[in-house]
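For reference, final_11.txt is printed below; it contains compact mmCIF, C-alpha atoms and all ligand atoms.
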# COMPACT_ATOMS: atom_id res chain seq x y z
CA MET A 1291 -62.88 16.44 328.80
CA ALA A 1292 -62.37 14.57 332.06
CA ILE A 1293 -58.79 13.58 332.62
CA LEU A 1294 -57.83 11.23 335.43
CA GLY A 1295 -54.35 12.37 336.28
CA PHE A 1296 -51.56 10.42 337.87
CA GLY A 1297 -48.46 12.27 336.87
CA LYS A 1298 -47.97 14.51 333.86
CA LYS A 1299 -47.06 11.76 331.47
CA ASN A 1300 -49.63 9.20 332.55
CA THR A 1301 -53.10 10.55 332.07
CA ILE A 1302 -56.14 8.42 331.41
CA ASN A 1303 -58.57 10.03 329.02
CA GLU A 1304 -61.91 9.04 330.53
CA ASP A 1305 -63.84 10.10 327.41
CA GLU A 1306 -62.09 7.46 325.37
CA GLN A 1307 -64.05 4.64 327.09
CA LEU A 1308 -61.46 1.93 326.71
CA LYS A 1309 -62.40 -1.65 327.49
CA ILE A 1310 -59.95 -2.77 330.17
CA PRO A 1311 -59.04 -6.45 330.46
CA VAL A 1312 -59.89 -7.94 333.86
CA SER A 1313 -56.97 -10.31 333.51
CA LEU A 1314 -53.83 -9.27 331.62
CA GLY A 1315 -50.66 -11.23 330.81
CA VAL A 1316 -47.36 -9.59 329.87
CA ILE A 1317 -44.28 -11.32 328.46
CA MET A 1318 -41.49 -8.97 329.55
CA ASP A 1319 -39.15 -9.51 326.59
CA GLY A 1320 -36.31 -7.44 325.19
CA ASN A 1321 -34.16 -6.55 328.20
CA GLY A 1322 -31.04 -7.94 326.52
CA ARG A 1323 -31.58 -5.98 323.29
CA TRP A 1324 -32.35 -2.82 325.25
CA ALA A 1325 -28.98 -3.14 327.03
CA LYS A 1326 -27.09 -4.03 323.85
CA LYS A 1327 -28.39 -0.91 322.10
CA ARG A 1328 -26.84 1.12 324.91
CA MET A 1329 -23.65 -0.94 325.05
CA LEU A 1330 -24.53 -1.98 328.58
CA PRO A 1331 -24.31 -5.47 330.13
CA ARG A 1332 -27.47 -7.62 329.94
CA SER A 1333 -27.84 -7.25 333.71
CA ALA A 1334 -28.51 -3.52 333.18
CA GLY A 1335 -31.33 -4.45 330.83
CA HIS A 1336 -32.89 -6.74 333.43
CA ARG A 1337 -32.57 -4.02 336.06
CA ALA A 1338 -34.33 -1.52 333.77
CA GLY A 1339 -36.93 -4.21 333.09
CA ALA A 1340 -37.60 -4.66 336.80
CA GLU A 1341 -37.96 -0.91 337.24
CA ASN A 1342 -40.47 -0.90 334.40
CA LEU A 1343 -42.46 -3.71 336.01
CA LYS A 1344 -43.12 -1.37 338.92
CA GLU A 1345 -44.46 1.24 336.47
CA LEU A 1346 -46.62 -1.33 334.72
CA CYS A 1347 -48.18 -2.32 338.06
CA ARG A 1348 -49.02 1.29 338.82
CA ASN A 1349 -50.52 1.93 335.39
CA CYS A 1350 -52.51 -1.32 335.34
CA GLY A 1351 -53.82 -0.70 338.84
CA ASN A 1352 -54.97 2.79 337.87
CA TYR A 1353 -56.58 1.54 334.66
CA GLY A 1354 -58.59 -1.01 336.66
CA VAL A 1355 -56.92 -4.28 335.65
CA LYS A 1356 -57.67 -6.81 338.39
CA TYR A 1357 -55.11 -9.56 337.64
CA LEU A 1358 -51.74 -8.85 336.04
CA THR A 1359 -49.59 -11.91 335.29
CA VAL A 1360 -46.00 -11.21 334.24
CA TYR A 1361 -43.45 -13.67 332.86
CA ALA A 1362 -40.27 -13.05 334.86
CA PHE A 1363 -38.37 -16.36 334.62
CA SER A 1364 -39.26 -19.42 332.59
CA THR A 1365 -38.41 -23.08 333.20
CA GLU A 1366 -36.20 -22.73 330.09
CA ASN A 1367 -34.29 -19.68 331.40
CA TRP A 1368 -32.05 -21.97 333.51
CA SER A 1369 -30.14 -22.65 330.27
CA ARG A 1370 -28.77 -19.07 330.27
CA PRO A 1371 -25.22 -18.42 331.53
CA THR A 1372 -24.93 -18.88 335.32
CA ASP A 1373 -24.07 -15.19 335.76
CA GLU A 1374 -27.29 -14.11 334.12
CA VAL A 1375 -29.40 -16.62 336.08
CA ASN A 1376 -27.80 -15.34 339.30
CA THR A 1377 -28.51 -11.74 338.29
CA LEU A 1378 -32.19 -12.57 337.74
CA MET A 1379 -32.42 -14.39 341.09
CA ASP A 1380 -30.74 -11.48 342.91
CA LEU A 1381 -32.96 -8.97 341.16
CA PHE A 1382 -36.00 -10.98 342.17
CA VAL A 1383 -35.03 -10.78 345.85
CA GLU A 1384 -34.09 -7.10 345.57
CA PHE A 1385 -37.31 -6.17 343.76
CA TRP A 1386 -39.56 -6.90 346.74
CA GLU A 1387 -37.26 -5.20 349.22
CA LYS A 1388 -37.10 -2.10 347.05
CA TYR A 1389 -40.61 -1.83 345.66
CA ASP A 1390 -42.98 -3.59 348.04
CA PRO A 1391 -43.69 -0.37 349.99
CA GLU A 1392 -44.82 1.23 346.72
CA LEU A 1393 -46.90 -1.80 345.78
CA GLU A 1394 -48.45 -1.61 349.22
CA GLN A 1395 -49.34 2.05 348.68
CA GLU A 1396 -50.99 1.08 345.40
CA GLY A 1397 -52.94 -1.75 347.08
CA ILE A 1398 -51.27 -4.46 345.01
CA ARG A 1399 -51.35 -8.05 346.25
CA VAL A 1400 -48.49 -10.27 345.10
CA ARG A 1401 -48.70 -13.94 344.19
CA PHE A 1402 -46.37 -16.34 342.44
CA THR A 1403 -47.03 -18.98 339.84
CA GLY A 1404 -44.66 -21.65 338.59
CA ASP A 1405 -42.65 -24.56 339.92
CA ILE A 1406 -41.93 -22.63 343.11
CA ASP A 1407 -41.05 -25.78 345.14
CA ALA A 1408 -38.07 -26.39 342.84
CA LEU A 1409 -36.55 -22.94 343.50
CA PRO A 1410 -33.65 -22.31 345.93
CA ASP A 1411 -34.76 -21.87 349.56
CA ARG A 1412 -33.94 -18.14 349.67
CA ILE A 1413 -36.27 -17.52 346.71
CA LYS A 1414 -39.04 -19.70 348.16
CA GLU A 1415 -38.79 -17.70 351.36
CA VAL A 1416 -39.20 -14.40 349.47
CA CYS A 1417 -42.28 -15.78 347.67
CA LYS A 1418 -43.84 -16.96 350.94
CA LYS A 1419 -43.18 -13.66 352.72
CA GLY A 1420 -44.36 -11.55 349.77
CA GLU A 1421 -47.65 -13.43 349.50
CA GLU A 1422 -48.23 -13.38 353.25
CA ARG A 1423 -47.63 -9.67 353.78
CA SER A 1424 -49.71 -8.57 350.79
CA LYS A 1425 -52.70 -10.91 351.02
CA HIS A 1426 -55.05 -8.22 352.38
CA ARG A 1427 -54.42 -5.81 349.47
CA GLN A 1428 -57.45 -5.30 347.27
CA LYS A 1429 -56.82 -3.13 344.22
CA MET A 1430 -55.05 -5.57 341.91
CA GLN A 1431 -53.26 -8.91 342.04
CA LEU A 1432 -49.75 -9.03 340.57
CA ILE A 1433 -48.97 -12.63 339.66
CA VAL A 1434 -45.31 -13.24 338.98
CA ALA A 1435 -44.55 -16.28 336.83
CA PHE A 1436 -41.19 -17.43 338.14
CA ASN A 1437 -39.66 -20.77 337.16
CA TYR A 1438 -42.86 -21.04 335.17
CA GLY A 1439 -43.56 -23.19 332.13
CA GLY A 1440 -47.01 -23.71 330.63
CA ARG A 1441 -46.26 -27.31 329.73
CA ARG A 1442 -44.91 -28.06 333.19
CA GLU A 1443 -48.03 -26.52 334.73
CA ILE A 1444 -50.24 -28.84 332.65
CA VAL A 1445 -48.08 -31.83 333.66
CA HIS A 1446 -48.46 -30.87 337.33
CA SER A 1447 -52.22 -30.55 336.90
CA CYS A 1448 -52.34 -34.05 335.34
CA GLN A 1449 -50.24 -35.44 338.19
CA ASN A 1450 -52.65 -33.98 340.77
CA ILE A 1451 -55.59 -35.47 338.89
CA ALA A 1452 -53.90 -38.89 338.63
CA ARG A 1453 -53.35 -38.82 342.40
CA LEU A 1454 -57.05 -38.12 342.98
CA VAL A 1455 -57.98 -41.04 340.72
CA LYS A 1456 -55.49 -43.33 342.49
CA GLU A 1457 -56.94 -42.37 345.87
CA GLY A 1458 -60.44 -43.18 344.62
CA LYS A 1459 -61.56 -39.52 344.91
CA LEU A 1460 -62.25 -39.02 341.20
CA ASN A 1461 -63.57 -41.22 338.37
CA VAL A 1462 -61.63 -41.14 335.10
CA GLU A 1463 -64.93 -40.49 333.24
CA ASP A 1464 -65.47 -37.34 335.31
CA ILE A 1465 -62.21 -35.67 334.21
CA SER A 1466 -63.16 -32.56 332.23
CA GLU A 1467 -61.53 -29.34 331.04
CA GLU A 1468 -62.68 -27.84 334.32
CA THR A 1469 -60.78 -30.55 336.25
CA ILE A 1470 -57.57 -29.56 334.47
CA SER A 1471 -58.21 -25.83 335.11
CA ASP A 1472 -59.00 -26.53 338.77
CA ASN A 1473 -55.64 -28.26 339.21
CA LEU A 1474 -53.46 -25.54 337.69
CA TYR A 1475 -51.20 -23.50 340.01
CA LEU A 1476 -53.68 -20.64 340.67
CA PRO A 1477 -57.14 -21.91 339.72
CA ASP A 1478 -58.93 -18.82 341.05
CA VAL A 1479 -57.10 -16.45 338.68
CA PRO A 1480 -59.20 -15.82 335.53
CA ASP A 1481 -57.73 -16.75 332.14
CA PRO A 1482 -56.00 -13.73 330.56
CA ASP A 1483 -58.30 -11.62 328.37
CA LEU A 1484 -55.27 -10.07 326.71
CA ILE A 1485 -51.60 -11.05 326.43
CA ILE A 1486 -49.07 -8.37 325.52
CA ARG A 1487 -45.67 -9.24 324.08
CA PRO A 1488 -43.21 -6.40 323.54
CA SER A 1489 -40.01 -6.71 321.46
CA GLY A 1490 -41.54 -7.92 318.25
CA GLU A 1491 -41.57 -11.69 318.76
CA GLN A 1492 -44.86 -13.32 317.86
CA ARG A 1493 -44.99 -16.37 320.09
CA LEU A 1494 -46.15 -17.42 323.56
CA SER A 1495 -42.85 -19.05 324.63
CA ASN A 1496 -44.58 -21.51 327.00
CA PHE A 1497 -46.52 -18.75 328.82
CA LEU A 1498 -50.00 -19.66 330.15
CA LEU A 1499 -50.57 -22.31 327.45
CA TRP A 1500 -53.79 -23.73 328.89
CA GLU A 1501 -55.13 -20.38 330.09
CA SER A 1502 -54.50 -18.53 326.81
CA ALA A 1503 -56.88 -20.64 324.66
CA TYR A 1504 -59.08 -17.59 323.98
CA SER A 1505 -56.79 -14.72 324.96
CA GLU A 1506 -56.39 -11.81 322.59
CA LEU A 1507 -52.75 -11.27 321.62
CA TRP A 1508 -51.03 -7.93 321.07
CA VAL A 1509 -47.39 -7.55 320.05
CA SER A 1510 -45.30 -4.42 319.96
CA ASP A 1511 -41.81 -3.67 318.64
CA CYS A 1512 -41.06 -1.63 321.75
CA LEU A 1513 -38.45 -3.31 324.00
CA TRP A 1514 -39.74 -4.18 327.48
CA PRO A 1515 -37.81 -1.53 329.50
CA ASP A 1516 -39.28 1.16 327.20
CA PHE A 1517 -42.83 -0.19 327.29
CA GLY A 1518 -44.70 2.56 329.12
CA PHE A 1519 -48.10 4.10 329.66
CA ASP A 1520 -48.55 5.07 325.99
CA GLU A 1521 -47.83 1.55 324.73
CA LEU A 1522 -50.17 0.07 327.37
CA THR A 1523 -52.91 2.46 326.29
CA GLU A 1524 -52.34 1.50 322.66
CA ALA A 1525 -52.72 -2.18 323.59
CA PHE A 1526 -55.98 -1.46 325.44
CA ARG A 1527 -57.19 0.55 322.44
CA ALA A 1528 -56.59 -2.46 320.18
CA TYR A 1529 -58.26 -4.76 322.73
CA THR A 1530 -61.31 -2.46 322.86
CA ASN A 1531 -61.84 -3.03 319.14
CA ARG A 1532 -61.46 -6.81 319.21
CA ASP A 1533 -64.53 -8.97 318.60
CA ARG A 1534 -64.19 -11.85 321.07
CA ARG A 1535 -66.27 -14.72 319.73
CA PHE A 1536 -64.93 -17.64 321.81
CA GLY A 1537 -65.60 -19.96 318.86
CA GLY A 1538 -69.17 -18.66 318.43
CA LEU A 1539 -70.56 -15.90 316.23
CA SER A 1540 -70.16 -12.17 316.73
CA LYS A 1541 -73.08 -10.19 318.21
CA GLU A 1542 -73.75 -8.73 314.74
CA ASP A 1543 -74.11 -12.16 313.10
CA ASN A 1544 -76.45 -13.36 315.85
CA LYS A 1545 -79.04 -10.65 315.11
C1 LIG B 1601 -36.54 -11.62 328.54
O1 LIG B 1601 -35.73 -10.67 327.90
C2 LIG B 1601 -36.62 -11.30 329.93
C3 LIG B 1601 -36.31 -12.14 330.96
C4 LIG B 1601 -35.82 -13.52 330.73
C5 LIG B 1601 -36.39 -11.68 332.35
C6 LIG B 1601 -37.55 -10.80 332.68
C7 LIG B 1601 -37.25 -10.15 333.97
C8 LIG B 1601 -37.48 -8.84 334.27
C9 LIG B 1601 -38.18 -7.92 333.38
C10 LIG B 1601 -37.08 -8.24 335.51
C11 LIG B 1601 -37.16 -9.13 336.63
C12 LIG B 1601 -38.26 -8.81 337.52
C13 LIG B 1601 -38.31 -9.48 338.65
C14 LIG B 1601 -39.34 -9.20 339.64
C15 LIG B 1601 -37.33 -10.52 338.89
P1 LIG B 1601 -34.37 -11.15 327.22
O2 LIG B 1601 -33.29 -11.07 328.22
O3 LIG B 1601 -34.55 -12.50 326.62
O4 LIG B 1601 -34.21 -10.06 326.12
P2 LIG B 1601 -33.58 -10.28 324.68
O5 LIG B 1601 -34.52 -11.19 323.94
O6 LIG B 1601 -33.58 -8.90 324.11
O7 LIG B 1601 -32.21 -10.85 324.86
Would you put the structure from the file into structure tokens?
Amino acid sequence: MAILGFGKKNTINEDEQLKIPVSLGVIMDGNGRWAKKRMLPRSAGHRAGAENLKELCRNCGNYGVKYLTVYAFSTENWSRPTDEVNTLMDLFVEFWEKYDPELEQEGIRVRFTGDIDALPDRIKEVCKKGEERSKHRQKMQLIVAFNYGGRREIVHSCQNIARLVKEGKLNVEDISEETISDNLYLPDVPDPDLIIRPSGEQRLSNFLLWESAYSELWVSDCLWPDFGFDELTEAFRAYTNRDRRFGGLSKEDNK
């Protein structure tokens, strides 16, 4: 049996022939509950969550995922207590300082999606620098959804399209689904094949609403900071057995 090893705990069993999603979305939920279970402040949960994001990147890169989009801060998260919002902003800045050398070693390019223009200057600066210094990396793209909302993204796409119509560059009759996709924040990133949501909730919470039309969904009771290699492998195992019909018939029925 051929085993691809990267650490004792994280071994890919090559004989298993898992189907790996090209594009994967992860809703990193459950930091608060993880902390509460340990009688720690919520900030400790977010810190453990950030640490786990680094692990997820490594595991996804080694599995051969090409685009990993993670939900780190939603347009609705501003309604949390100021302390918690500040913790998440600080953690965001700290994350790149602390982990970018490791992401570089793994060949991981970083990009950001969301209403980035509306973020404080210090955060915008981090996004700009992070994208610039990693743009040559080839193994996998890590796309961090920060101040991201699926509905807001669709609104922004519509605004761009309306501008094109107003400037006489586009006819209303020519607006198609492709036009909307082309005007999303990162039009070159493929729609997610699979979306993973830890922590037991069974909803998208405004994550990649347009892009997830035909995504497979996989939920797990495991809280995000505990979501490791084994849980990721289990999700890929489930994905391998899914019959993706995209509204058509399965291969079996077409025979
Ligand atoms: C949801 O869990 C999680 C968030 C709102 C933040 C996600 C952020 C991280 C995992 C770390 C940040 C990483 C970077 C790069 C900034 P929750 O707090 O709603 O958990 P709960 O539902 O258990 O309360």
Practice problem: Residues within 10 Å of ligand LIG 1601 (chain B) should be enumerated using all atoms listed in the file and returned as a PyMOL selection string. | Solution: chain A and resi 1316-1327+1332-1333+1335-1344+1360-1364+1366-1368+1370+1374-1375+1377-1386+1389+1434-1436+1488-1491+1513-1515
Exercise. Report the distance between CA of Glu1421 in chain A and CA of Tyr1353 in chain A in Å, rounded to one decimal place.
Key: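 Interatomic distance, CA of Glu1421 in chain A to CA of Tyr1353 in chain A: 22.9 Å.
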Quiz item: Using all atoms listed in the file, which residue out of A:Ser1540, A:Thr1523, A:Lys1425, A:Asn1531 lies closest to Thr1301 in chain A?
Solution: A:Thr1523
Quiz item: Any idea what the distance is between CA of Cys1448 in chain A and CA of Gly1404 in chain A?
Solution: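 Those two atoms sit 14.9 Å apart.
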Self-check item: Between CA of Leu1393 in chain A and CA of Cys1347 in chain A - distance in Å to one decimal
Solution: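 Pair CA of Cys1347 in chain A / CA of Leu1393 in chain A returns 7.8 Å.
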Listed atoms of range 1408-1423 of chain A, axis-aligned box, 8 Å per side: centre and edge lengths to one decimal in Å, as lines of an AutoDock Vina configuration file?
center_x = -40.9
center_y = -18.0
center_z = 348.3
size_x = 30.6
size_y = 32.7
size_z = 26.9
Exercise. List the neighbours of Thr1359 in chain A out to 12 Å using only C-alpha atoms; skip same-chain residues closer than 6 positions along the sequence, and give me the result as a PyMOL selection string.
Key: chain A and resi 1311-1318+1343+1346-1347+1350+1399-1404+1430-1436+1438+1476+1479-1486+1497-1498+1501-1502
Self-check item: Of the listed residues A:Leu1460, A:Thr1365, A:Tyr1504, A:Asn1349, that which approaches Leu1409 in chain A most closely, counting all atoms listed in the file
Solution: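 Checking each candidate against Leu1409 in chain A, we get A:Thr1365 as the closest.
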Practice problem: Return the single residue from A:Thr1372, A:Gln1449, A:Asn1303, A:Asn1461 that is closest to Leu1474 in chain A, with distances computed using all atoms listed in the file. | Solution: A:Gln1449
Quiz item: Between A:Asn1352, A:Ser1505, A:Gln1307, A:Asn1473, which has the minimum distance to Phe1519 in chain A (counting all atoms listed in the file)?
Solution: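 Nearest candidate to Phe1519 in chain A out of A:Asn1352, A:Ser1505, A:Gln1307, A:Asn1473: A:Asn1352.
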Self-check item: Nearest to Tyr1529 in chain A, chosen from A:Lys1356, A:Glu1304, A:Ile1310, A:Glu1463, with all atoms listed in the file counted in the distances
Solution: A:Ile1310
Quiz item: Pick from A:Trp1500, A:Ala1334, A:Lys1419, A:Arg1535: nearest to Glu1387 in chain A, with only C-alpha atoms counted?
Solution: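 Distance minimum relative to Glu1387 in chain A lands on A:Lys1419.
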